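See structure below.
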Amino acid sequence: MLLRLVLLLSVLGSSWIGWVNSHQESGEWSCESDEEISIEAEFKPGFITLDGHADDWKDIDGLDSSLLPALDPDDDKKYTGGKMTVKALHDGNDVFFLLQVDGNYAYTKGDNKKCPSVALMFPIGDEATYHNMGGCKEGTGTCNRKTCKGHEVDIMHFSIGNAIPGRLYGGNPLDNGDGNGGDRFGHLVDLYSWNPHCRYLDGTGPSGNDSSGQNNWKGAWWHSSFNVHSGFVEEDSPYTSDSQKGTYFFEFSRPLRTMDRLQQDAQFTIGGSSKMAVAFWYPVDGNSWHGSGHYSVNCDWIPLDISPGSSVLKASKTGSAGDVASAFALLFSVVSICLSVFVGYRAATRSRNETYETVGDL
């Protein structure tokens, strides 16, 4: 198990190093966040099939946003391929996300940095900041659960260089069996961090590994230029010709609540609010992505609301009001019948009495 974990870390290491390098800032951080944007995860049970296709999302509202460089959010340097649309919903057990972004097709098998890549980030600790991925000021040698307590963020990162379009990646029996958040098949990994230099797979860290770590995410990707819908296999790579115009789709899900006991997963509550961030890498002009290829939909946290399913509650309330009205109508009908019987009985009794009195007089 230890050997497998070492091999896994070595495979993932290059991507992690690239991500850390992408957070090397050249100047003072400045951000003009859009405070009016938000994402709502509506209650839509039985709505989404997790396959990378976006057809079942067409009636779901989302957030449309330009993609600005994450470390220098200047509109003049935005991603020129188009905007990103972010959508979310939940079914009472799992929360689902769709990332949709225009981009010419770019795919180099086995080279994650020459393929698009996406990440979602959520705060865990009360002091976790968007900037610097948690914002703990400790360095690599001193960051740990105690020195960075409160700065934890939860991260899902999907690099598609070894992922077949339309196939599910993420949590799997082998990596979860090893007790970590890795994905040896498609690099859809479950991470946590305190800052860009202190980022680890769930279940691993500077204080040692914990066998309870899991990858709770699943996801798939697709591109609109694909003309095959029955399914790809690895031998079909690169799946379509390079530079085809179209749109990338990245679809993900994870449980609203996980069995995390290490403060490495964000937990979502129906009817509650959380926050999130979205990152996107793209191999501009065919070059491997790095700092200049790291974009974000906002330069701060985006509010994420987990809807309690108000439409269902309203329907229930309307139904309850209808039931009460029906009950009153039934009661009124019964009372009316009883009154009618009583009046009829009194009239009949009076008629008989008058007849007896008349006969007596005779």
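So you can find residues: chains in the structure tokens are A, B, ... in the order shown, residues in each start at 1, and ligands are numbered from 1 in order.
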Determine which residues of stretch 26-243 of chain A DSSP labels as strand (DSSP E) from the backbone of this structure, then write them out as an NGL selection string. :A and (39-43 or 63-65 or 68-69 or 84-90 or 94-102 or 117-123 or 153-159 or 169-170 or 188-195 or 198-201 or 218-223)
Residues near A:Pro173, anyone? I mean within 12 Å using only C-alpha atoms, not counting same-chain ones fewer than 5 positions away, as a ChimeraX atom specification. /A:178-185,214-216
Next, dump the selected residues to file, keeping only C-alpha atoms, as a tab-separated table (two decimals), in the first residue's frame.
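Saved the output as result_36.tsv:
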```tsv
chain	number	residue	atom	x	y	z
A	178	ASP	CA	-5.62	2.97	-0.19
A	179	GLY	CA	-7.29	5.68	1.89
A	180	ASN	CA	-6.56	8.77	-0.22
A	181	GLY	CA	-8.28	11.17	-2.59
A	182	GLY	CA	-6.31	10.19	-5.70
A	183	ASP	CA	-7.45	8.93	-9.09
A	184	ARG	CA	-4.83	6.87	-10.88
A	185	PHE	CA	-7.03	6.49	-13.96
A	214	GLN	CA	-11.54	9.14	0.30
A	215	ASN	CA	-12.16	10.66	-3.10
A	216	ASN	CA	-15.85	11.62	-2.94
```
Please report, as a PDB file with all heavy atoms, in the first residue's frame, each residue of stretch 5-156 of chain A to which DSSP assigns helix (DSSP H, G or I) when run on this structure's backbone.
```pdb
ATOM      1  N   LEU A   5       1.107   4.218  -2.882  1.00  0.00           N
ATOM      2  CA  LEU A   5       0.888   5.626  -2.560  1.00  0.00           C
ATOM      3  C   LEU A   5       2.056   6.480  -3.043  1.00  0.00           C
ATOM      4  O   LEU A   5       1.878   7.562  -3.589  1.00  0.00           O
ATOM      5  CB  LEU A   5       0.687   5.796  -1.054  1.00  0.00           C
ATOM      6  CG  LEU A   5       0.411   7.230  -0.575  1.00  0.00           C
ATOM      7  CD1 LEU A   5      -0.819   7.795  -1.263  1.00  0.00           C
ATOM      8  CD2 LEU A   5       0.252   7.256   0.931  1.00  0.00           C
ATOM      9  N   VAL A   6       3.288   5.984  -2.859  1.00  0.00           N
ATOM     10  CA  VAL A   6       4.472   6.711  -3.320  1.00  0.00           C
ATOM     11  C   VAL A   6       4.436   6.883  -4.834  1.00  0.00           C
ATOM     12  O   VAL A   6       4.709   7.961  -5.374  1.00  0.00           O
ATOM     13  CB  VAL A   6       5.757   5.981  -2.885  1.00  0.00           C
ATOM     14  CG1 VAL A   6       6.976   6.611  -3.562  1.00  0.00           C
ATOM     15  CG2 VAL A   6       5.911   6.032  -1.369  1.00  0.00           C
ATOM     16  N   LEU A   7       4.066   5.804  -5.554  1.00  0.00           N
ATOM     17  CA  LEU A   7       3.974   5.883  -7.005  1.00  0.00           C
ATOM     18  C   LEU A   7       2.903   6.873  -7.434  1.00  0.00           C
ATOM     19  O   LEU A   7       3.085   7.646  -8.377  1.00  0.00           O
ATOM     20  CB  LEU A   7       3.665   4.491  -7.583  1.00  0.00           C
ATOM     21  CG  LEU A   7       4.790   3.463  -7.473  1.00  0.00           C
ATOM     22  CD1 LEU A   7       4.304   2.100  -7.953  1.00  0.00           C
ATOM     23  CD2 LEU A   7       6.011   3.905  -8.290  1.00  0.00           C
ATOM     24  N   LEU A   8       1.775   6.848  -6.718  1.00  0.00           N
ATOM     25  CA  LEU A   8       0.694   7.774  -7.040  1.00  0.00           C
ATOM     26  C   LEU A   8       1.138   9.209  -6.854  1.00  0.00           C
ATOM     27  O   LEU A   8       0.905  10.072  -7.703  1.00  0.00           O
ATOM     28  CB  LEU A   8      -0.525   7.479  -6.164  1.00  0.00           C
ATOM     29  CG  LEU A   8      -1.712   8.435  -6.317  1.00  0.00           C
ATOM     30  CD1 LEU A   8      -2.284   8.334  -7.726  1.00  0.00           C
ATOM     31  CD2 LEU A   8      -2.783   8.111  -5.279  1.00  0.00           C
ATOM     32  N   LEU A   9       1.808   9.495  -5.747  1.00  0.00           N
ATOM     33  CA  LEU A   9       2.265  10.856  -5.482  1.00  0.00           C
ATOM     34  C   LEU A   9       3.262  11.312  -6.529  1.00  0.00           C
ATOM     35  O   LEU A   9       3.271  12.480  -6.928  1.00  0.00           O
ATOM     36  CB  LEU A   9       2.882  10.945  -4.083  1.00  0.00           C
ATOM     37  CG  LEU A   9       1.920  10.737  -2.920  1.00  0.00           C
ATOM     38  CD1 LEU A   9       2.679  10.770  -1.599  1.00  0.00           C
ATOM     39  CD2 LEU A   9       0.826  11.794  -2.918  1.00  0.00           C
ATOM     40  N   SER A  10       4.103  10.406  -7.006  1.00  0.00           N
ATOM     41  CA  SER A  10       5.087  10.788  -8.017  1.00  0.00           C
ATOM     42  C   SER A  10       4.420  11.093  -9.344  1.00  0.00           C
ATOM     43  O   SER A  10       4.835  11.989 -10.078  1.00  0.00           O
ATOM     44  CB  SER A  10       6.121   9.664  -8.203  1.00  0.00           C
ATOM     45  OG  SER A  10       5.517   8.494  -8.734  1.00  0.00           O
ATOM     46  N   VAL A  11       3.355  10.344  -9.683  1.00  0.00           N
ATOM     47  CA  VAL A  11       2.628  10.594 -10.917  1.00  0.00           C
ATOM     48  C   VAL A  11       1.926  11.938 -10.873  1.00  0.00           C
ATOM     49  O   VAL A  11       1.934  12.703 -11.836  1.00  0.00           O
ATOM     50  CB  VAL A  11       1.597   9.467 -11.170  1.00  0.00           C
ATOM     51  CG1 VAL A  11       0.675   9.847 -12.328  1.00  0.00           C
ATOM     52  CG2 VAL A  11       2.314   8.162 -11.476  1.00  0.00           C
ATOM     53  N   LEU A  12       1.317  12.241  -9.719  1.00  0.00           N
ATOM     54  CA  LEU A  12       0.568  13.480  -9.588  1.00  0.00           C
ATOM     55  C   LEU A  12       1.458  14.678  -9.307  1.00  0.00           C
ATOM     56  O   LEU A  12       1.034  15.815  -9.456  1.00  0.00           O
ATOM     57  CB  LEU A  12      -0.462  13.354  -8.456  1.00  0.00           C
ATOM     58  CG  LEU A  12      -1.519  12.261  -8.624  1.00  0.00           C
ATOM     59  CD1 LEU A  12      -2.468  12.291  -7.433  1.00  0.00           C
ATOM     60  CD2 LEU A  12      -2.292  12.437  -9.923  1.00  0.00           C
ATOM     61  N   GLY A  13       2.678  14.436  -8.917  1.00  0.00           N
ATOM     62  CA  GLY A  13       3.542  15.521  -8.470  1.00  0.00           C
ATOM     63  C   GLY A  13       3.736  16.614  -9.482  1.00  0.00           C
ATOM     64  O   GLY A  13       3.739  17.797  -9.154  1.00  0.00           O
ATOM     65  N   SER A  14       3.913  16.243 -10.765  1.00  0.00           N
ATOM     66  CA  SER A  14       4.170  17.261 -11.774  1.00  0.00           C
ATOM     67  C   SER A  14       3.005  18.222 -11.911  1.00  0.00           C
ATOM     68  O   SER A  14       3.187  19.419 -12.085  1.00  0.00           O
ATOM     69  CB  SER A  14       4.452  16.596 -13.129  1.00  0.00           C
ATOM     70  OG  SER A  14       3.344  15.814 -13.539  1.00  0.00           O
ATOM     71  N   SER A  15       1.781  17.696 -11.830  1.00  0.00           N
ATOM     72  CA  SER A  15       0.610  18.573 -11.926  1.00  0.00           C
ATOM     73  C   SER A  15       0.532  19.483 -10.725  1.00  0.00           C
ATOM     74  O   SER A  15       0.188  20.661 -10.839  1.00  0.00           O
ATOM     75  CB  SER A  15      -0.671  17.734 -12.043  1.00  0.00           C
ATOM     76  OG  SER A  15      -0.680  17.010 -13.243  1.00  0.00           O
ATOM     77  N   TRP A  16       0.806  18.946  -9.545  1.00  0.00           N
ATOM     78  CA  TRP A  16       0.770  19.775  -8.328  1.00  0.00           C
ATOM     79  C   TRP A  16       1.803  20.888  -8.409  1.00  0.00           C
ATOM     80  O   TRP A  16       1.529  22.031  -8.099  1.00  0.00           O
ATOM     81  CB  TRP A  16       1.058  18.924  -7.104  1.00  0.00           C
ATOM     82  CG  TRP A  16      -0.014  17.942  -6.793  1.00  0.00           C
ATOM     83  CD1 TRP A  16      -1.192  17.775  -7.447  1.00  0.00           C
ATOM     84  CD2 TRP A  16      -0.009  16.980  -5.742  1.00  0.00           C
ATOM     85  NE1 TRP A  16      -1.915  16.771  -6.871  1.00  0.00           N
ATOM     86  CE2 TRP A  16      -1.222  16.259  -5.826  1.00  0.00           C
ATOM     87  CE3 TRP A  16       0.905  16.658  -4.744  1.00  0.00           C
ATOM     88  CZ2 TRP A  16      -1.539  15.244  -4.949  1.00  0.00           C
ATOM     89  CZ3 TRP A  16       0.588  15.642  -3.861  1.00  0.00           C
ATOM     90  CH2 TRP A  16      -0.619  14.947  -3.967  1.00  0.00           C
ATOM     91  N   ILE A  17       3.028  20.538  -8.847  1.00  0.00           N
ATOM     92  CA  ILE A  17       4.090  21.538  -8.947  1.00  0.00           C
ATOM     93  C   ILE A  17       3.679  22.635  -9.920  1.00  0.00           C
ATOM     94  O   ILE A  17       3.857  23.819  -9.671  1.00  0.00           O
ATOM     95  CB  ILE A  17       5.421  20.887  -9.387  1.00  0.00           C
ATOM     96  CG1 ILE A  17       5.929  19.964  -8.265  1.00  0.00           C
ATOM     97  CG2 ILE A  17       6.452  21.941  -9.722  1.00  0.00           C
ATOM     98  CD1 ILE A  17       7.098  19.102  -8.675  1.00  0.00           C
ATOM     99  N   GLY A  18       3.056  22.221 -11.059  1.00  0.00           N
ATOM    100  CA  GLY A  18       2.595  23.213 -12.016  1.00  0.00           C
ATOM    101  C   GLY A  18       1.559  24.124 -11.415  1.00  0.00           C
ATOM    102  O   GLY A  18       1.540  25.333 -11.680  1.00  0.00           O
ATOM    103  N   TRP A  19       0.680  23.569 -10.582  1.00  0.00           N
ATOM    104  CA  TRP A  19      -0.357  24.385  -9.965  1.00  0.00           C
ATOM    105  C   TRP A  19       0.255  25.343  -8.941  1.00  0.00           C
ATOM    106  O   TRP A  19      -0.118  26.496  -8.856  1.00  0.00           O
ATOM    107  CB  TRP A  19      -1.382  23.472  -9.304  1.00  0.00           C
ATOM    108  CG  TRP A  19      -2.691  24.145  -9.073  1.00  0.00           C
ATOM    109  CD1 TRP A  19      -3.017  25.433  -9.357  1.00  0.00           C
ATOM    110  CD2 TRP A  19      -3.854  23.548  -8.502  1.00  0.00           C
ATOM    111  NE1 TRP A  19      -4.319  25.692  -9.006  1.00  0.00           N
ATOM    112  CE2 TRP A  19      -4.848  24.554  -8.482  1.00  0.00           C
ATOM    113  CE3 TRP A  19      -4.145  22.289  -8.017  1.00  0.00           C
ATOM    114  CZ2 TRP A  19      -6.121  24.317  -7.979  1.00  0.00           C
ATOM    115  CZ3 TRP A  19      -5.410  22.048  -7.527  1.00  0.00           C
ATOM    116  CH2 TRP A  19      -6.379  23.055  -7.513  1.00  0.00           C
ATOM    117  N   VAL A  20       1.227  24.865  -8.170  1.00  0.00           N
ATOM    118  CA  VAL A  20       1.898  25.748  -7.212  1.00  0.00           C
ATOM    119  C   VAL A  20       2.604  26.873  -7.944  1.00  0.00           C
ATOM    120  O   VAL A  20       2.509  28.036  -7.578  1.00  0.00           O
ATOM    121  CB  VAL A  20       2.895  24.947  -6.353  1.00  0.00           C
ATOM    122  CG1 VAL A  20       3.783  25.889  -5.567  1.00  0.00           C
ATOM    123  CG2 VAL A  20       2.154  24.015  -5.392  1.00  0.00           C
ATOM    124  N   ASN A  21       3.299  26.532  -9.017  1.00  0.00           N
ATOM    125  CA  ASN A  21       3.995  27.557  -9.770  1.00  0.00           C
ATOM    126  C   ASN A  21       3.022  28.577 -10.348  1.00  0.00           C
ATOM    127  O   ASN A  21       3.356  29.756 -10.506  1.00  0.00           O
ATOM    128  CB  ASN A  21       4.809  26.929 -10.911  1.00  0.00           C
ATOM    129  CG  ASN A  21       6.028  26.188 -10.387  1.00  0.00           C
ATOM    130  OD1 ASN A  21       6.474  26.456  -9.280  1.00  0.00           O
ATOM    131  ND2 ASN A  21       6.550  25.269 -11.189  1.00  0.00           N
ATOM    132  N   ASP A  55     -27.226  18.111 -22.181  1.00  0.00           N
ATOM    133  CA  ASP A  55     -28.615  18.198 -22.623  1.00  0.00           C
ATOM    134  C   ASP A  55     -29.586  18.313 -21.455  1.00  0.00           C
ATOM    135  O   ASP A  55     -30.574  19.050 -21.524  1.00  0.00           O
ATOM    136  CB  ASP A  55     -28.981  16.977 -23.472  1.00  0.00           C
ATOM    137  CG  ASP A  55     -28.131  16.871 -24.730  1.00  0.00           C
ATOM    138  OD1 ASP A  55     -27.492  17.876 -25.091  1.00  0.00           O
ATOM    139  OD2 ASP A  55     -28.100  15.788 -25.343  1.00  0.00           O
ATOM    140  N   ASP A  56     -29.333  17.566 -20.390  1.00  0.00           N
ATOM    141  CA  ASP A  56     -30.262  17.565 -19.261  1.00  0.00           C
ATOM    142  C   ASP A  56     -30.121  18.802 -18.376  1.00  0.00           C
ATOM    143  O   ASP A  56     -30.844  18.951 -17.391  1.00  0.00           O
ATOM    144  CB  ASP A  56     -30.115  16.292 -18.420  1.00  0.00           C
ATOM    145  CG  ASP A  56     -28.669  15.861 -18.248  1.00  0.00           C
ATOM    146  OD1 ASP A  56     -27.777  16.642 -18.627  1.00  0.00           O
ATOM    147  OD2 ASP A  56     -28.430  14.760 -17.728  1.00  0.00           O
ATOM    148  N   TRP A  57     -29.216  19.710 -18.714  1.00  0.00           N
ATOM    149  CA  TRP A  57     -29.034  20.959 -17.970  1.00  0.00           C
ATOM    150  C   TRP A  57     -29.678  22.155 -18.662  1.00  0.00           C
ATOM    151  O   TRP A  57     -29.613  23.278 -18.153  1.00  0.00           O
ATOM    152  CB  TRP A  57     -27.547  21.266 -17.800  1.00  0.00           C
ATOM    153  CG  TRP A  57     -26.814  20.369 -16.858  1.00  0.00           C
ATOM    154  CD1 TRP A  57     -26.219  19.184 -17.152  1.00  0.00           C
ATOM    155  CD2 TRP A  57     -26.569  20.599 -15.460  1.00  0.00           C
ATOM    156  NE1 TRP A  57     -25.618  18.654 -16.037  1.00  0.00           N
ATOM    157  CE2 TRP A  57     -25.819  19.494 -14.976  1.00  0.00           C
ATOM    158  CE3 TRP A  57     -26.907  21.619 -14.579  1.00  0.00           C
ATOM    159  CZ2 TRP A  57     -25.398  19.400 -13.650  1.00  0.00           C
ATOM    160  CZ3 TRP A  57     -26.494  21.532 -13.258  1.00  0.00           C
ATOM    161  CH2 TRP A  57     -25.757  20.424 -12.803  1.00  0.00           C
ATOM    162  N   ASP A  75      -9.381  42.693 -17.083  1.00  0.00           N
ATOM    163  CA  ASP A  75     -10.283  42.372 -18.187  1.00  0.00           C
ATOM    164  C   ASP A  75      -9.551  42.338 -19.519  1.00  0.00           C
ATOM    165  O   ASP A  75      -9.966  41.642 -20.450  1.00  0.00           O
ATOM    166  CB  ASP A  75     -11.427  43.387 -18.231  1.00  0.00           C
ATOM    167  CG  ASP A  75     -12.551  42.957 -19.146  1.00  0.00           C
ATOM    168  OD1 ASP A  75     -13.205  41.938 -18.847  1.00  0.00           O
ATOM    169  OD2 ASP A  75     -12.767  43.623 -20.180  1.00  0.00           O
ATOM    170  N   ASP A  76      -8.472  43.078 -19.647  1.00  0.00           N
ATOM    171  CA  ASP A  76      -7.710  43.098 -20.895  1.00  0.00           C
ATOM    172  C   ASP A  76      -6.974  41.782 -21.142  1.00  0.00           C
ATOM    173  O   ASP A  76      -6.519  41.529 -22.252  1.00  0.00           O
ATOM    174  CB  ASP A  76      -6.700  44.242 -20.886  1.00  0.00           C
ATOM    175  CG  ASP A  76      -7.377  45.605 -20.918  1.00  0.00           C
ATOM    176  OD1 ASP A  76      -8.533  45.675 -21.391  1.00  0.00           O
ATOM    177  OD2 ASP A  76      -6.767  46.588 -20.450  1.00  0.00           O
ATOM    178  N   LYS A  77      -6.853  40.958 -20.093  1.00  0.00           N
ATOM    179  CA  LYS A  77      -6.113  39.704 -20.212  1.00  0.00           C
ATOM    180  C   LYS A  77      -7.028  38.483 -20.097  1.00  0.00           C
ATOM    181  O   LYS A  77      -6.568  37.379 -19.858  1.00  0.00           O
ATOM    182  CB  LYS A  77      -5.032  39.630 -19.132  1.00  0.00           C
ATOM    183  CG  LYS A  77      -4.044  40.782 -19.191  1.00  0.00           C
ATOM    184  CD  LYS A  77      -3.063  40.724 -18.030  1.00  0.00           C
ATOM    185  CE  LYS A  77      -2.106  41.919 -18.055  1.00  0.00           C
ATOM    186  NZ  LYS A  77      -1.161  41.900 -16.907  1.00  0.00           N
ATOM    187  N   ASN A 112      -1.261  16.314 -19.362  1.00  0.00           N
ATOM    188  CA  ASN A 112      -2.346  17.099 -18.779  1.00  0.00           C
ATOM    189  C   ASN A 112      -2.232  18.588 -19.079  1.00  0.00           C
ATOM    190  O   ASN A 112      -3.234  19.291 -19.226  1.00  0.00           O
ATOM    191  CB  ASN A 112      -2.384  16.898 -17.259  1.00  0.00           C
ATOM    192  CG  ASN A 112      -2.966  15.557 -16.866  1.00  0.00           C
ATOM    193  OD1 ASN A 112      -3.856  15.039 -17.535  1.00  0.00           O
ATOM    194  ND2 ASN A 112      -2.461  14.981 -15.780  1.00  0.00           N
ATOM    195  N   LYS A 113      -1.004  19.089 -19.161  1.00  0.00           N
ATOM    196  CA  LYS A 113      -0.812  20.533 -19.332  1.00  0.00           C
ATOM    197  C   LYS A 113      -1.051  21.002 -20.760  1.00  0.00           C
ATOM    198  O   LYS A 113      -1.072  22.198 -21.013  1.00  0.00           O
ATOM    199  CB  LYS A 113       0.596  20.920 -18.893  1.00  0.00           C
ATOM    200  CG  LYS A 113       0.832  20.729 -17.404  1.00  0.00           C
ATOM    201  CD  LYS A 113       2.223  21.191 -17.012  1.00  0.00           C
ATOM    202  CE  LYS A 113       2.477  20.972 -15.537  1.00  0.00           C
ATOM    203  NZ  LYS A 113       3.823  21.433 -15.145  1.00  0.00           N
ATOM    204  N   LYS A 114      -1.224  20.073 -21.692  1.00  0.00           N
ATOM    205  CA  LYS A 114      -1.595  20.431 -23.046  1.00  0.00           C
ATOM    206  C   LYS A 114      -3.052  20.103 -23.326  1.00  0.00           C
ATOM    207  O   LYS A 114      -3.470  20.002 -24.495  1.00  0.00           O
ATOM    208  CB  LYS A 114      -0.673  19.754 -24.060  1.00  0.00           C
ATOM    209  CG  LYS A 114       0.721  20.369 -24.088  1.00  0.00           C
ATOM    210  CD  LYS A 114       1.525  19.910 -25.289  1.00  0.00           C
ATOM    211  CE  LYS A 114       2.855  20.670 -25.358  1.00  0.00           C
ATOM    212  NZ  LYS A 114       3.644  20.299 -26.556  1.00  0.00           N
TER     213      LYS A 114
END
```
7 Å contact set for stretch 46-53 of chain A, only C-alpha atoms, chain neighbours under 6 positions out, as number ranges by chain: A: 91, 166-168, 219-222, 249-251
Could those selected residues go to a file with N, CA, C and O atoms, as an mmCIF file, in the first residue's frame?
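Wrote again06.cif, looks like this:
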```cif
data_model
loop_
_atom_site.group_PDB
_atom_site.id
_atom_site.type_symbol
_atom_site.label_atom_id
_atom_site.label_comp_id
_atom_site.auth_asym_id
_atom_site.auth_seq_id
_atom_site.Cartn_x
_atom_site.Cartn_y
_atom_site.Cartn_z
ATOM 1 N N ASP A 91 -30.042 16.672 -5.546
ATOM 2 C CA ASP A 91 -31.198 15.777 -5.515
ATOM 3 C C ASP A 91 -31.555 15.330 -4.101
ATOM 4 O O ASP A 91 -32.295 14.369 -3.907
ATOM 5 N N GLY A 166 -16.665 11.231 -21.795
ATOM 6 C CA GLY A 166 -17.910 10.539 -21.473
ATOM 7 C C GLY A 166 -17.787 9.445 -20.441
ATOM 8 O O GLY A 166 -18.806 8.897 -19.998
ATOM 9 N N ARG A 167 -16.562 9.119 -20.031
ATOM 10 C CA ARG A 167 -16.351 8.072 -19.018
ATOM 11 C C ARG A 167 -16.212 8.704 -17.639
ATOM 12 O O ARG A 167 -15.707 9.821 -17.502
ATOM 13 N N LEU A 168 -16.638 7.970 -16.614
ATOM 14 C CA LEU A 168 -16.587 8.482 -15.246
ATOM 15 C C LEU A 168 -15.200 8.308 -14.638
ATOM 16 O O LEU A 168 -14.574 7.249 -14.787
ATOM 17 N N GLY A 219 -16.846 12.455 -12.029
ATOM 18 C CA GLY A 219 -17.043 13.434 -13.082
ATOM 19 C C GLY A 219 -16.706 12.908 -14.458
ATOM 20 O O GLY A 219 -16.117 11.823 -14.609
ATOM 21 N N ALA A 220 -17.095 13.660 -15.465
ATOM 22 C CA ALA A 220 -16.844 13.300 -16.864
ATOM 23 C C ALA A 220 -16.707 14.581 -17.679
ATOM 24 O O ALA A 220 -17.090 15.669 -17.228
ATOM 25 N N TRP A 221 -16.165 14.449 -18.883
ATOM 26 C CA TRP A 221 -16.009 15.612 -19.751
ATOM 27 C C TRP A 221 -16.440 15.278 -21.169
ATOM 28 O O TRP A 221 -16.549 14.105 -21.547
ATOM 29 N N TRP A 222 -16.666 16.340 -21.963
ATOM 30 C CA TRP A 222 -17.107 16.163 -23.348
ATOM 31 C C TRP A 222 -16.779 17.428 -24.125
ATOM 32 O O TRP A 222 -16.531 18.483 -23.544
ATOM 33 N N PHE A 249 -17.493 20.636 -21.915
ATOM 34 C CA PHE A 249 -18.421 20.419 -20.811
ATOM 35 C C PHE A 249 -17.723 19.556 -19.759
ATOM 36 O O PHE A 249 -17.135 18.513 -20.090
ATOM 37 N N PHE A 250 -17.784 20.008 -18.527
ATOM 38 C CA PHE A 250 -17.242 19.249 -17.397
ATOM 39 C C PHE A 250 -18.364 19.083 -16.377
ATOM 40 O O PHE A 250 -18.942 20.072 -15.918
ATOM 41 N N GLU A 251 -18.649 17.849 -16.035
ATOM 42 C CA GLU A 251 -19.790 17.550 -15.169
ATOM 43 C C GLU A 251 -19.306 16.766 -13.953
ATOM 44 O O GLU A 251 -18.542 15.806 -14.097
#
```
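We find atom CA of A:Ala88 and atom CA of A:Trp289 to be spaced 26.7 Å apart.
With only C-alpha atoms as the basis for measurement, A:Ser117 is the residue among A:Thr140, A:Ser117, A:Ser225, A:Thr85 that approaches A:Val189 most closely.
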Nearest to A:Asp64, chosen from A:Val95, A:His187, A:Arg145, A:Asp102, with only C-alpha atoms counted in the distances: A:Asp102
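Atom CA of A:Phe252 is positioned 15.3 Å from atom CA of A:Glu42.
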One decimal, Å: what's the distance from atom CA of A:Asn195 over to atom CA of A:Ile306, could you say? 26.4 Å
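For the choices A:Ala41, A:Leu99, A:Cys115, A:Leu71, the atom-to-atom distance to A:Ser288 is smallest for A:Cys115 when using only C-alpha atoms.
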What's the 6 Å shell around A:Leu188, counting only C-alpha atoms, without same-chain residues fewer than 4 positions away, as a PyMOL selection string? chain A and resi 157-158+170+183
How close does each residue of stretch 242-316 of chain A get to stretch 205-209 of chain A, giving the shortest atom pair and distance in Å to one decimal for every residue with an atom at most 12 Å away, counting only C-alpha atoms, sorted by chain and residue number, as CSV?
```
residue,atom,partner,partner_atom,distance
A:Leu262,CA,A:Gly205,CA,10.6
A:Gln263,CA,A:Gly205,CA,12.0
A:Gln264,CA,A:Gly205,CA,10.5
```
What does the file look like for those residues with N, CA and C atoms, as an mmCIF file, in the first residue's frame?
```
data_model
loop_
_atom_site.group_PDB
_atom_site.id
_atom_site.type_symbol
_atom_site.label_atom_id
_atom_site.label_comp_id
_atom_site.auth_asym_id
_atom_site.auth_seq_id
_atom_site.Cartn_x
_atom_site.Cartn_y
_atom_site.Cartn_z
ATOM 1 N N LEU A 262 -11.572 14.493 9.073
ATOM 2 C CA LEU A 262 -10.239 15.089 9.129
ATOM 3 C C LEU A 262 -10.247 16.573 8.753
ATOM 4 N N GLN A 263 -11.427 17.162 8.570
ATOM 5 C CA GLN A 263 -11.542 18.558 8.149
ATOM 6 C C GLN A 263 -10.881 18.748 6.782
ATOM 7 N N GLN A 264 -11.231 17.846 5.835
ATOM 8 C CA GLN A 264 -10.673 17.906 4.491
ATOM 9 C C GLN A 264 -11.739 18.020 3.410
#
```
Within 9 Å of A:Tyr107, counting only C-alpha atoms, which residues qualify if same-chain residues fewer than 5 places away don't, as a PyMOL selection string? chain A and resi 112+114-116+160-161+237-239+242
Excluding stretch 129-131 of chain A and residues on its chain fewer than 2 positions from it, collect all residues at most 8 Å away from it, counting only C-alpha atoms, and give them as a CSV table (one decimal) with C-alpha atoms, in the first residue's frame.
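Result file is out-v3.csv:
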```
chain,number,residue,atom,x,y,z
A,123,PRO,CA,-14.0,26.9,2.0
A,127,GLU,CA,-10.9,31.8,8.1
A,133,MET,CA,-6.1,28.9,-1.4
A,134,GLY,CA,-7.0,29.1,2.3
A,135,GLY,CA,-4.6,31.9,3.1
A,151,HIS,CA,-7.7,27.9,6.8
A,277,ALA,CA,-14.6,29.2,-6.7
A,299,CYS,CA,-11.5,37.0,-7.9
A,300,ASP,CA,-13.2,36.0,-4.7
A,301,TRP,CA,-15.6,33.5,-3.3
```
